[in-house]
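Shown here: entry16.cif, mmCIF, C-alpha atoms and all ligand atoms.
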```cif
data_target
loop_
_atom_site.label_atom_id
_atom_site.label_comp_id
_atom_site.auth_asym_id
_atom_site.auth_seq_id
_atom_site.Cartn_x
_atom_site.Cartn_y
_atom_site.Cartn_z
CA MET M 1341 51.33 196.28 47.57
CA PRO M 1342 51.81 195.85 51.32
CA LEU M 1343 48.68 195.25 53.37
CA VAL M 1344 48.32 195.28 57.14
CA ASP M 1345 45.49 193.25 58.65
CA SER M 1346 44.78 195.44 61.68
CA HIS M 1347 42.44 192.89 63.30
CA CYS M 1348 42.63 189.14 62.81
CA HIS M 1349 41.83 186.39 65.35
CA PHE M 1350 44.47 184.18 63.82
CA ASP M 1351 44.99 182.29 67.09
CA PHE M 1352 41.44 180.88 66.99
CA ASP M 1353 40.88 177.16 66.47
CA ALA M 1354 39.32 177.84 63.07
CA PHE M 1355 42.90 178.23 61.78
CA ALA M 1356 44.42 175.30 63.68
CA PRO M 1357 44.33 172.82 60.76
CA ASP M 1358 46.06 175.02 58.17
CA ARG M 1359 47.41 178.21 59.79
CA ALA M 1360 50.77 178.09 57.96
CA ASP M 1361 49.07 177.57 54.59
CA VAL M 1362 46.64 180.45 55.18
CA TRP M 1363 49.53 182.75 56.14
CA ALA M 1364 51.51 181.69 53.04
CA ARG M 1365 48.51 182.53 50.83
CA SER M 1366 48.03 185.84 52.70
CA ILE M 1367 51.66 186.81 52.05
CA ALA M 1368 51.13 185.95 48.39
CA GLU M 1369 48.20 188.41 48.42
CA GLY M 1370 50.43 191.14 49.87
CA VAL M 1371 49.64 190.88 53.60
CA GLU M 1372 52.84 191.82 55.45
CA ALA M 1373 51.66 192.21 59.03
CA MET M 1374 48.70 191.47 61.25
CA VAL M 1375 47.50 192.42 64.72
CA ILE M 1376 45.99 189.57 66.73
CA PRO M 1377 43.75 190.88 69.54
CA GLY M 1378 43.54 189.58 73.08
CA VAL M 1379 40.15 188.19 74.10
CA SER M 1380 40.54 186.60 77.56
CA ILE M 1381 43.15 186.24 80.31
CA PRO M 1382 43.72 182.47 79.75
CA GLN M 1383 44.29 183.17 76.03
CA TRP M 1384 47.11 185.74 76.43
CA ARG M 1385 49.91 183.21 76.92
CA HIS M 1386 49.00 181.19 73.79
CA LEU M 1387 48.43 184.36 71.81
CA PHE M 1388 51.92 185.71 72.46
CA ALA M 1389 53.54 182.32 71.91
CA LEU M 1390 51.92 182.37 68.45
CA VAL M 1391 52.75 186.04 67.78
CA ASN M 1392 56.41 185.39 68.58
CA SER M 1393 56.60 182.47 66.18
CA GLN M 1394 56.35 184.58 63.03
CA PRO M 1395 57.79 187.91 61.84
CA GLY M 1396 55.03 190.41 61.07
CA TRP M 1397 52.63 189.17 63.73
CA TYR M 1398 51.72 191.45 66.62
CA GLY M 1399 49.51 190.97 69.66
CA ALA M 1400 47.30 192.93 72.04
CA VAL M 1401 46.36 192.30 75.66
CA GLY M 1402 42.65 192.57 76.29
CA ILE M 1403 39.35 191.14 77.45
CA HIS M 1404 36.68 191.04 74.74
CA PRO M 1405 33.10 191.81 75.83
CA TRP M 1406 32.01 188.28 74.83
CA TRP M 1407 34.47 186.87 77.41
CA VAL M 1408 33.48 189.19 80.28
CA LYS M 1409 31.10 186.57 81.66
CA GLU M 1410 34.02 184.12 82.04
CA LEU M 1411 36.22 186.62 83.85
CA ALA M 1412 37.69 184.95 86.96
CA ILE M 1413 38.88 188.18 88.62
CA ALA M 1414 37.00 191.24 89.87
CA PRO M 1415 36.72 194.19 87.44
CA THR M 1416 38.78 196.21 89.93
CA GLN M 1417 41.71 193.85 89.28
CA VAL M 1418 41.52 194.03 85.49
CA ALA M 1419 43.66 197.15 84.98
CA ARG M 1420 46.50 195.67 87.00
CA ALA M 1421 46.28 192.31 85.18
CA VAL M 1422 46.49 194.06 81.80
CA VAL M 1423 49.37 196.33 82.84
CA GLU M 1424 51.34 193.39 84.26
CA ARG M 1425 50.86 191.32 81.12
CA VAL M 1426 51.89 194.18 78.84
CA GLU M 1427 55.01 194.76 80.95
CA HIS M 1428 55.77 191.03 80.86
CA GLU M 1429 55.46 190.88 77.06
CA ARG M 1430 57.56 194.01 76.66
CA ARG M 1431 60.32 192.43 78.75
CA GLU M 1432 60.16 189.07 77.00
CA ASN M 1433 59.23 190.02 73.46
CA GLY M 1434 60.14 193.64 72.78
CA GLY M 1435 57.83 195.41 70.40
CA ARG M 1436 55.35 192.62 69.69
CA CYS M 1437 52.70 193.88 72.17
CA VAL M 1438 51.17 196.83 70.32
CA ALA M 1439 47.78 197.61 71.90
CA VAL M 1440 45.28 197.00 74.67
CA GLY M 1441 42.17 195.20 73.49
CA GLU M 1442 39.97 193.93 72.12
CA CYS M 1443 37.77 195.67 74.67
CA GLY M 1444 34.51 197.52 74.49
CA LEU M 1445 30.77 197.13 74.70
CA ASP M 1446 28.35 194.86 72.89
CA GLY M 1447 24.63 195.60 73.17
CA GLN M 1448 23.68 192.38 71.42
CA ILE M 1449 24.87 189.78 73.94
CA ASP M 1450 23.32 188.46 77.13
CA THR M 1451 25.98 190.04 79.37
CA SER M 1452 24.53 193.37 80.55
CA LEU M 1453 26.24 196.65 79.72
CA ALA M 1454 26.42 197.24 83.49
CA GLN M 1455 28.70 194.18 83.72
CA GLN M 1456 30.71 195.10 80.64
CA ILE M 1457 31.34 198.77 81.45
CA PRO M 1458 33.76 198.41 84.42
CA VAL M 1459 35.86 195.87 82.48
CA PHE M 1460 36.03 198.25 79.49
CA GLU M 1461 36.90 201.26 81.66
CA ALA M 1462 39.63 199.30 83.44
CA GLN M 1463 41.25 198.47 80.10
CA LEU M 1464 41.16 202.12 78.97
CA ASP M 1465 42.85 203.02 82.23
CA ALA M 1466 45.47 200.29 81.68
CA ALA M 1467 46.14 201.50 78.11
CA ASN M 1468 46.94 204.97 79.39
CA ARG M 1469 49.21 203.57 82.09
CA VAL M 1470 51.28 201.59 79.58
CA SER M 1471 50.96 204.21 76.78
CA LEU M 1472 49.38 201.92 74.18
CA PRO M 1473 46.45 202.49 71.79
CA VAL M 1474 43.19 200.59 72.33
CA ILE M 1475 41.32 198.22 70.02
CA VAL M 1476 37.61 198.85 70.65
CA HIS M 1477 34.65 196.58 69.91
CA ALA M 1478 31.51 198.77 69.73
CA VAL M 1479 28.35 196.94 68.68
CA ARG M 1480 24.94 198.53 69.26
CA ALA M 1481 26.46 200.65 72.00
CA HIS M 1482 28.03 203.68 70.27
CA ASN M 1483 26.47 206.24 72.63
CA GLU M 1484 27.78 204.45 75.72
CA VAL M 1485 31.21 203.86 74.17
CA ILE M 1486 31.49 207.53 73.20
CA ARG M 1487 30.46 208.68 76.67
CA ILE M 1488 33.10 206.45 78.26
CA LEU M 1489 35.85 207.47 75.79
CA LYS M 1490 35.11 211.12 76.57
CA ASN M 1491 35.56 210.40 80.29
CA THR M 1492 38.74 208.34 79.96
CA ARG M 1493 40.45 209.73 76.88
CA PRO M 1494 42.84 207.16 75.43
CA GLN M 1495 46.07 209.14 75.20
CA CYS M 1496 47.54 207.00 72.41
CA GLY M 1497 44.30 206.82 70.44
CA GLY M 1498 42.98 203.57 69.06
CA VAL M 1499 40.71 201.97 66.54
CA ILE M 1500 36.97 201.31 66.49
CA HIS M 1501 37.27 197.93 64.87
CA ALA M 1502 34.73 196.74 62.27
CA PHE M 1503 33.13 200.16 62.29
CA ALA M 1504 29.47 200.28 61.32
CA GLY M 1505 27.48 203.46 61.74
CA SER M 1506 26.62 206.96 60.61
CA ARG M 1507 28.94 209.73 59.48
CA GLN M 1508 28.16 211.70 62.63
CA ILE M 1509 29.23 208.81 64.87
CA ALA M 1510 32.35 208.26 62.75
CA GLU M 1511 33.31 211.93 63.06
CA THR M 1512 32.81 211.84 66.83
CA TYR M 1513 35.25 208.92 67.11
CA ILE M 1514 37.74 210.70 64.84
CA GLU M 1515 37.54 213.83 67.03
CA LEU M 1516 38.34 211.59 70.00
CA GLY M 1517 41.54 210.51 68.24
CA PHE M 1518 40.27 207.18 66.90
CA ARG M 1519 40.70 205.47 63.59
CA LEU M 1520 37.99 203.28 62.07
CA GLY M 1521 38.52 199.64 61.09
CA VAL M 1522 37.11 198.75 57.67
CA GLY M 1523 36.21 195.12 57.10
CA GLY M 1524 33.98 192.78 55.14
CA THR M 1525 30.79 194.69 56.05
CA ILE M 1526 31.42 197.11 53.19
CA THR M 1527 31.23 194.29 50.64
CA TYR M 1528 27.46 194.08 51.31
CA GLU M 1529 25.33 196.50 49.29
CA ARG M 1530 22.74 196.51 52.06
CA ALA M 1531 25.26 198.16 54.42
CA ALA M 1532 24.49 201.47 52.69
CA LYS M 1533 24.94 203.75 55.71
CA THR M 1534 28.33 202.30 56.66
CA ARG M 1535 29.49 202.30 53.02
CA ASP M 1536 28.49 205.97 52.64
CA THR M 1537 30.28 206.86 55.88
CA LEU M 1538 33.50 205.07 54.96
CA ALA M 1539 33.46 206.58 51.48
CA ALA M 1540 33.31 210.07 52.98
CA VAL M 1541 35.61 210.26 56.02
CA PRO M 1542 39.29 211.09 55.33
CA LEU M 1543 41.36 208.05 54.34
CA GLU M 1544 43.97 209.07 56.96
CA HIS M 1545 41.58 207.74 59.62
CA LEU M 1546 40.87 204.28 58.16
CA LEU M 1547 42.50 200.88 58.73
CA LEU M 1548 41.84 197.63 56.86
CA GLU M 1549 40.94 194.50 58.78
CA SER M 1550 39.68 190.98 58.19
CA ASP M 1551 38.28 190.19 61.67
CA ALA M 1552 38.83 186.60 60.48
CA PRO M 1553 37.52 184.00 61.05
CA ASP M 1554 34.40 186.21 61.44
CA MET M 1555 32.88 188.72 59.00
CA PRO M 1556 32.74 186.70 55.77
CA HIS M 1557 32.47 188.88 52.68
CA ALA M 1558 29.43 189.11 50.42
CA GLY M 1559 29.33 185.92 48.36
CA ARG M 1560 31.22 183.98 51.04
CA GLN M 1561 28.52 183.79 53.73
CA GLY M 1562 28.88 180.74 55.96
CA GLU M 1563 32.58 180.36 55.09
CA ARG M 1564 35.56 180.98 57.33
CA ASN M 1565 36.86 184.49 56.68
CA SER M 1566 40.61 184.82 56.12
CA PRO M 1567 43.32 187.51 55.94
CA GLU M 1568 44.06 186.33 52.40
CA TYR M 1569 40.80 188.04 51.31
CA LEU M 1570 41.92 191.46 52.58
CA PRO M 1571 42.59 192.79 49.05
CA ALA M 1572 38.83 192.52 48.39
CA VAL M 1573 38.16 194.97 51.25
CA ALA M 1574 40.75 197.37 49.79
CA LYS M 1575 39.20 197.00 46.34
CA THR M 1576 35.66 197.70 47.58
CA LEU M 1577 36.81 200.71 49.62
CA ALA M 1578 38.69 202.07 46.59
CA GLU M 1579 35.58 201.68 44.40
CA LEU M 1580 33.35 203.38 46.99
CA ARG M 1581 35.78 206.30 47.29
CA GLY M 1582 36.57 206.55 43.56
CA VAL M 1583 40.32 206.19 44.10
CA SER M 1584 42.87 203.55 43.12
CA MET M 1585 43.38 200.41 45.16
CA GLU M 1586 47.01 201.46 45.50
CA THR M 1587 45.98 204.73 47.17
CA VAL M 1588 43.83 202.85 49.68
CA ILE M 1589 46.47 200.23 50.44
CA THR M 1590 49.37 202.68 50.75
CA GLN M 1591 47.52 205.09 53.06
CA THR M 1592 45.86 202.47 55.27
CA GLU M 1593 49.17 200.65 55.71
CA LYS M 1594 50.74 203.92 56.83
CA ASN M 1595 47.82 204.51 59.23
CA ALA M 1596 48.11 201.04 60.79
CA ARG M 1597 51.88 201.26 61.18
CA ALA M 1598 51.57 204.70 62.80
CA LEU M 1599 48.84 203.66 65.24
CA PHE M 1600 50.51 200.44 66.40
CA THR M 1601 54.12 201.67 65.95
CA ILE M 1602 55.00 198.65 63.80
ZN ZN A 1701 37.63 190.90 67.02
#
```
For the structure just supplied, provide its representation as structure tokens.
Ligand SMILES: [Zn+2]
Amino acid sequence: MPLVDSHCHFDFDAFAPDRADVWARSIAEGVEAMVIPGVSIPQWRHLFALVNSQPGWYGAVGIHPWWVKELAIAPTQVARAVVERVEHERRENGGRCVAVGECGLDGQIDTSLAQQIPVFEAQLDAANRVSLPVIVHAVRAHNEVIRILKNTRPQCGGVIHAFAGSRQIAETYIELGFRLGVGGTITYERAAKTRDTLAAVPLEHLLLESDAPDMPHAGRQGERNSPEYLPAVAKTLAELRGVSMETVITQTEKNARALFTI
């Protein structure tokens, strides 16, 4: 059964020693495609060199909230930088650039939301200018993220990656045209609220993701996470929803391919 890993930091150094082996094992587990998010301007060139080295790999252009403090340009220049990079990748590499992101807000880091907000807004603006969906990181900042998405509606939708939260918050994102990324969080019984939410919202709005090398599954704490473990996320989601794994995999693959046009 074909799986799409809608969010995997496969360019990170954690995979440098054995990237080809991990990908071979992921293919053996059914993973056919993955989206590798952008995190910082200096990373974009390496990211797309990697993406272009392998069929089934796709990239996004973005500045992750954790990298905002290293940003070497003014927030007012971010939209233009993103648009120019997307246009460059489209010229050079056709359909491999499938989103803007990973962008968003993180309330748990030492960079203030006041610093993060203009960089996030600039990327939403850029996404609309190049007609791409956005990959959103929303951690302990759902109210702010929702307020901003209502102001600058992403015209091509997007995904709230690694979604964790209540059913009400999930439904608000869905009304705004967003899908929700489902990752290793749901393998933890203590994540009861998120598990209940993701068991209840329509499957048409969910994507599977590893967020590797982060987000190790229950029982694998402290280990490097990997796209090869994605079937375990599908299995847990199927159990929570009382449907077959095949139903989950087939529908979420369709959702990911529709969102990213891959
Ligand atoms: Zn990420």
Next on the checklist: If we count all atoms listed in the file and set the cut-off at 10 Å, which residues sit around region 1490-1493 of chain M, ignoring sequence neighbours fewer than 5 positions away in its own chain? Please answer as a ChimeraX atom specification.
Outcome noted: /M:1461-1462,1464-1465,1468,1484-1485,1513,1516-1517
For those residues, write C-alpha atoms to a file as an mmCIF file, keeping the file's coordinate frame.
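For reference, result_32.cif as written:
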```cif
data_model
loop_
_atom_site.group_PDB
_atom_site.id
_atom_site.type_symbol
_atom_site.label_atom_id
_atom_site.label_comp_id
_atom_site.auth_asym_id
_atom_site.auth_seq_id
_atom_site.Cartn_x
_atom_site.Cartn_y
_atom_site.Cartn_z
ATOM 1 C CA GLU M 1461 36.900 201.260 81.660
ATOM 2 C CA ALA M 1462 39.630 199.300 83.440
ATOM 3 C CA LEU M 1464 41.160 202.120 78.970
ATOM 4 C CA ASP M 1465 42.850 203.020 82.230
ATOM 5 C CA ASN M 1468 46.940 204.970 79.390
ATOM 6 C CA GLU M 1484 27.780 204.450 75.720
ATOM 7 C CA VAL M 1485 31.210 203.860 74.170
ATOM 8 C CA TYR M 1513 35.250 208.920 67.110
ATOM 9 C CA LEU M 1516 38.340 211.590 70.000
ATOM 10 C CA GLY M 1517 41.540 210.510 68.240
#
```
Taking all atoms listed in the file into account, produce a table as JSON lines in which each residue of chain M with an atom at most 12 Å from an atom of ligand ZN 1701 (chain A) appears once, together with its shortest atom pair and the distance in Å to one decimal, ordered by chain and rising number.
```
{"residue": "M:Asp1345", "atom": "CA", "partner": "A:ZN1701", "partner_atom": "ZN", "distance": 11.7}
{"residue": "M:Ser1346", "atom": "CA", "partner": "A:ZN1701", "partner_atom": "ZN", "distance": 10.0}
{"residue": "M:His1347", "atom": "CA", "partner": "A:ZN1701", "partner_atom": "ZN", "distance": 6.4}
{"residue": "M:Cys1348", "atom": "CA", "partner": "A:ZN1701", "partner_atom": "ZN", "distance": 6.8}
{"residue": "M:His1349", "atom": "CA", "partner": "A:ZN1701", "partner_atom": "ZN", "distance": 6.4}
{"residue": "M:Phe1350", "atom": "CA", "partner": "A:ZN1701", "partner_atom": "ZN", "distance": 10.1}
{"residue": "M:Asp1351", "atom": "CA", "partner": "A:ZN1701", "partner_atom": "ZN", "distance": 11.3}
{"residue": "M:Phe1352", "atom": "CA", "partner": "A:ZN1701", "partner_atom": "ZN", "distance": 10.7}
{"residue": "M:Val1375", "atom": "CA", "partner": "A:ZN1701", "partner_atom": "ZN", "distance": 10.2}
{"residue": "M:Ile1376", "atom": "CA", "partner": "A:ZN1701", "partner_atom": "ZN", "distance": 8.5}
{"residue": "M:Pro1377", "atom": "CA", "partner": "A:ZN1701", "partner_atom": "ZN", "distance": 6.6}
{"residue": "M:Gly1378", "atom": "CA", "partner": "A:ZN1701", "partner_atom": "ZN", "distance": 8.6}
{"residue": "M:Val1379", "atom": "CA", "partner": "A:ZN1701", "partner_atom": "ZN", "distance": 8.0}
{"residue": "M:Ser1380", "atom": "CA", "partner": "A:ZN1701", "partner_atom": "ZN", "distance": 11.7}
{"residue": "M:Ala1400", "atom": "CA", "partner": "A:ZN1701", "partner_atom": "ZN", "distance": 11.1}
{"residue": "M:Gly1402", "atom": "CA", "partner": "A:ZN1701", "partner_atom": "ZN", "distance": 10.7}
{"residue": "M:Ile1403", "atom": "CA", "partner": "A:ZN1701", "partner_atom": "ZN", "distance": 10.6}
{"residue": "M:His1404", "atom": "CA", "partner": "A:ZN1701", "partner_atom": "ZN", "distance": 7.8}
{"residue": "M:Pro1405", "atom": "CA", "partner": "A:ZN1701", "partner_atom": "ZN", "distance": 9.9}
{"residue": "M:Trp1406", "atom": "CA", "partner": "A:ZN1701", "partner_atom": "ZN", "distance": 10.0}
{"residue": "M:Trp1407", "atom": "CA", "partner": "A:ZN1701", "partner_atom": "ZN", "distance": 11.6}
{"residue": "M:Gly1441", "atom": "CA", "partner": "A:ZN1701", "partner_atom": "ZN", "distance": 9.0}
{"residue": "M:Glu1442", "atom": "CA", "partner": "A:ZN1701", "partner_atom": "ZN", "distance": 6.4}
{"residue": "M:Cys1443", "atom": "CA", "partner": "A:ZN1701", "partner_atom": "ZN", "distance": 9.0}
{"residue": "M:Gly1444", "atom": "CA", "partner": "A:ZN1701", "partner_atom": "ZN", "distance": 10.5}
{"residue": "M:Asp1446", "atom": "CA", "partner": "A:ZN1701", "partner_atom": "ZN", "distance": 11.7}
{"residue": "M:Ile1475", "atom": "CA", "partner": "A:ZN1701", "partner_atom": "ZN", "distance": 8.7}
{"residue": "M:Val1476", "atom": "CA", "partner": "A:ZN1701", "partner_atom": "ZN", "distance": 8.7}
{"residue": "M:His1477", "atom": "CA", "partner": "A:ZN1701", "partner_atom": "ZN", "distance": 7.0}
{"residue": "M:Ala1478", "atom": "CA", "partner": "A:ZN1701", "partner_atom": "ZN", "distance": 10.3}
{"residue": "M:Val1479", "atom": "CA", "partner": "A:ZN1701", "partner_atom": "ZN", "distance": 11.2}
{"residue": "M:Val1499", "atom": "CA", "partner": "A:ZN1701", "partner_atom": "ZN", "distance": 11.5}
{"residue": "M:Ile1500", "atom": "CA", "partner": "A:ZN1701", "partner_atom": "ZN", "distance": 10.4}
{"residue": "M:His1501", "atom": "CA", "partner": "A:ZN1701", "partner_atom": "ZN", "distance": 7.4}
{"residue": "M:Ala1502", "atom": "CA", "partner": "A:ZN1701", "partner_atom": "ZN", "distance": 8.1}
{"residue": "M:Phe1503", "atom": "CA", "partner": "A:ZN1701", "partner_atom": "ZN", "distance": 11.3}
{"residue": "M:Gly1521", "atom": "CA", "partner": "A:ZN1701", "partner_atom": "ZN", "distance": 10.6}
{"residue": "M:Gly1523", "atom": "CA", "partner": "A:ZN1701", "partner_atom": "ZN", "distance": 10.9}
{"residue": "M:Glu1549", "atom": "CA", "partner": "A:ZN1701", "partner_atom": "ZN", "distance": 9.6}
{"residue": "M:Ser1550", "atom": "CA", "partner": "A:ZN1701", "partner_atom": "ZN", "distance": 9.1}
{"residue": "M:Asp1551", "atom": "CA", "partner": "A:ZN1701", "partner_atom": "ZN", "distance": 5.4}
{"residue": "M:Ala1552", "atom": "CA", "partner": "A:ZN1701", "partner_atom": "ZN", "distance": 7.9}
{"residue": "M:Pro1553", "atom": "CA", "partner": "A:ZN1701", "partner_atom": "ZN", "distance": 9.1}
{"residue": "M:Asp1554", "atom": "CA", "partner": "A:ZN1701", "partner_atom": "ZN", "distance": 8.0}
{"residue": "M:Met1555", "atom": "CA", "partner": "A:ZN1701", "partner_atom": "ZN", "distance": 9.6}
```
Using only C-alpha atoms, determine which residues lie at most 7 Å from Thr1592 (chain M), disregarding the query and same-chain residues fewer than 3 positions distant; provide the list as a PDB file with C-alpha atoms, in the frame of the given file.
```
ATOM      1  CA  LEU M1546      40.870 204.280  58.160  1.00  0.00           C
ATOM      2  CA  LEU M1547      42.500 200.880  58.730  1.00  0.00           C
ATOM      3  CA  LEU M1548      41.840 197.630  56.860  1.00  0.00           C
ATOM      4  CA  VAL M1588      43.830 202.850  49.680  1.00  0.00           C
ATOM      5  CA  ILE M1589      46.470 200.230  50.440  1.00  0.00           C
ATOM      6  CA  ASN M1595      47.820 204.510  59.230  1.00  0.00           C
ATOM      7  CA  ALA M1596      48.110 201.040  60.790  1.00  0.00           C
TER       8      ALA M1596
END
```
Checklist entry - Looking at M:Arg1436, M:Arg1564, M:Arg1487, M:His1545, which one is nearest to Phe1600 (chain M), with distances taken over all atoms listed in the file? => result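 The answer is M:Arg1436, which sits nearest to Phe1600 (chain M).
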Checklist entry - How far is it from CA of Leu1445 (chain M) to CA of Gln1463 (chain M), in Å with one decimal? => result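 Taking CA of Leu1445 (chain M) and CA of Gln1463 (chain M), their separation equals 11.9 Å.
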Next on the checklist: Could you check the closest approach to Ser1566 (chain M) for each of M:Pro1382, M:Gly1524, M:Gly1498, M:Gly1582 and tell me which residue wins, using only C-alpha atoms?
Outcome noted: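 Going through M:Pro1382, M:Gly1524, M:Gly1498, M:Gly1582 one by one, the smallest distance to Ser1566 (chain M) is for M:Gly1524.
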Item to check | Pairwise distance for CA of Trp1363 (chain M) and CA of Val1522 (chain M), rounded to one decimal in Å | outcome: 20.3 Å
Checklist entry - Looking at only C-alpha atoms, which of M:Leu1472, M:Ala1412, M:Ala1354, M:Val1401 is the one that sits closest to Ala1598 (chain M)? => result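 Looking only at the distances to Ala1598 (chain M), the closest residue turns out to be M:Leu1472.
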Next on the checklist: Report as a ChimeraX atom specification all protein, DNA and RNA residues lying within 9 Å of region 1423-1432 of chain M, evaluated on all atoms listed in the file, omitting residues in the same chain fewer than 6 positions from it.
Outcome noted: /M:1384,1388,1400-1401,1438-1440,1463,1466-1467,1469-1470
Could you write those residues out with C-alpha atoms, as a PDB file, in the coordinates of the input?
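Contents of result34.pdb, as written:
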```pdb
ATOM      1  CA  TRP M1384      47.110 185.740  76.430  1.00  0.00           C
ATOM      2  CA  PHE M1388      51.920 185.710  72.460  1.00  0.00           C
ATOM      3  CA  ALA M1400      47.300 192.930  72.040  1.00  0.00           C
ATOM      4  CA  VAL M1401      46.360 192.300  75.660  1.00  0.00           C
ATOM      5  CA  VAL M1438      51.170 196.830  70.320  1.00  0.00           C
ATOM      6  CA  ALA M1439      47.780 197.610  71.900  1.00  0.00           C
ATOM      7  CA  VAL M1440      45.280 197.000  74.670  1.00  0.00           C
ATOM      8  CA  GLN M1463      41.250 198.470  80.100  1.00  0.00           C
ATOM      9  CA  ALA M1466      45.470 200.290  81.680  1.00  0.00           C
ATOM     10  CA  ALA M1467      46.140 201.500  78.110  1.00  0.00           C
ATOM     11  CA  ARG M1469      49.210 203.570  82.090  1.00  0.00           C
ATOM     12  CA  VAL M1470      51.280 201.590  79.580  1.00  0.00           C
TER      13      VAL M1470
END
```
Next on the checklist: So the first atom is CA of Ser1506 (chain M) and the second is CA of Asn1483 (chain M); what is the distance between them in Å, to one decimal place?
Outcome noted: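 Spanning CA of Ser1506 (chain M) to CA of Asn1483 (chain M) is a straight-line distance of 12.0 Å.
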Item to check | 10 Å contact set for region 1525-1539 of chain M, only C-alpha atoms, chain neighbours under 5 positions out, as a ChimeraX atom specification | outcome: /M:1502-1511,1520,1545-1546,1550,1555-1559,1572-1582
Now that the selection is made, can you save its residues with C-alpha atoms as a CSV table (one decimal), keeping the file's coordinate frame?
```
chain,number,residue,atom,x,y,z
M,1502,ALA,CA,34.7,196.7,62.3
M,1503,PHE,CA,33.1,200.2,62.3
M,1504,ALA,CA,29.5,200.3,61.3
M,1505,GLY,CA,27.5,203.5,61.7
M,1506,SER,CA,26.6,207.0,60.6
M,1507,ARG,CA,28.9,209.7,59.5
M,1508,GLN,CA,28.2,211.7,62.6
M,1509,ILE,CA,29.2,208.8,64.9
M,1510,ALA,CA,32.4,208.3,62.8
M,1511,GLU,CA,33.3,211.9,63.1
M,1520,LEU,CA,38.0,203.3,62.1
M,1545,HIS,CA,41.6,207.7,59.6
M,1546,LEU,CA,40.9,204.3,58.2
M,1550,SER,CA,39.7,191.0,58.2
M,1555,MET,CA,32.9,188.7,59.0
M,1556,PRO,CA,32.7,186.7,55.8
M,1557,HIS,CA,32.5,188.9,52.7
M,1558,ALA,CA,29.4,189.1,50.4
M,1559,GLY,CA,29.3,185.9,48.4
M,1572,ALA,CA,38.8,192.5,48.4
M,1573,VAL,CA,38.2,195.0,51.2
M,1574,ALA,CA,40.8,197.4,49.8
M,1575,LYS,CA,39.2,197.0,46.3
M,1576,THR,CA,35.7,197.7,47.6
M,1577,LEU,CA,36.8,200.7,49.6
M,1578,ALA,CA,38.7,202.1,46.6
M,1579,GLU,CA,35.6,201.7,44.4
M,1580,LEU,CA,33.4,203.4,47.0
M,1581,ARG,CA,35.8,206.3,47.3
M,1582,GLY,CA,36.6,206.6,43.6
```
Item to check | Nearest-residue call for Pro1342 (chain M), choices M:Gly1435, M:Pro1357, M:Pro1458, M:Gly1396, using only C-alpha atoms | outcome: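 Of the candidates, the smallest distance to Pro1342 (chain M) is held by M:Gly1396.
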Checklist entry - M:Phe1518, M:Pro1567, M:Gly1434, M:Ile1381: which is nearest Ile1413 (chain M), counting all atoms listed in the file? => result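 The closest residue to Ile1413 (chain M) is M:Ile1381.
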Checklist outcome for this item: Using all atoms listed in the file, the shortest atom-to-atom distance to Met1585 (chain M) among M:Pro1395, M:Leu1570, M:Leu1599, M:Ser1452 belongs to M:Leu1570
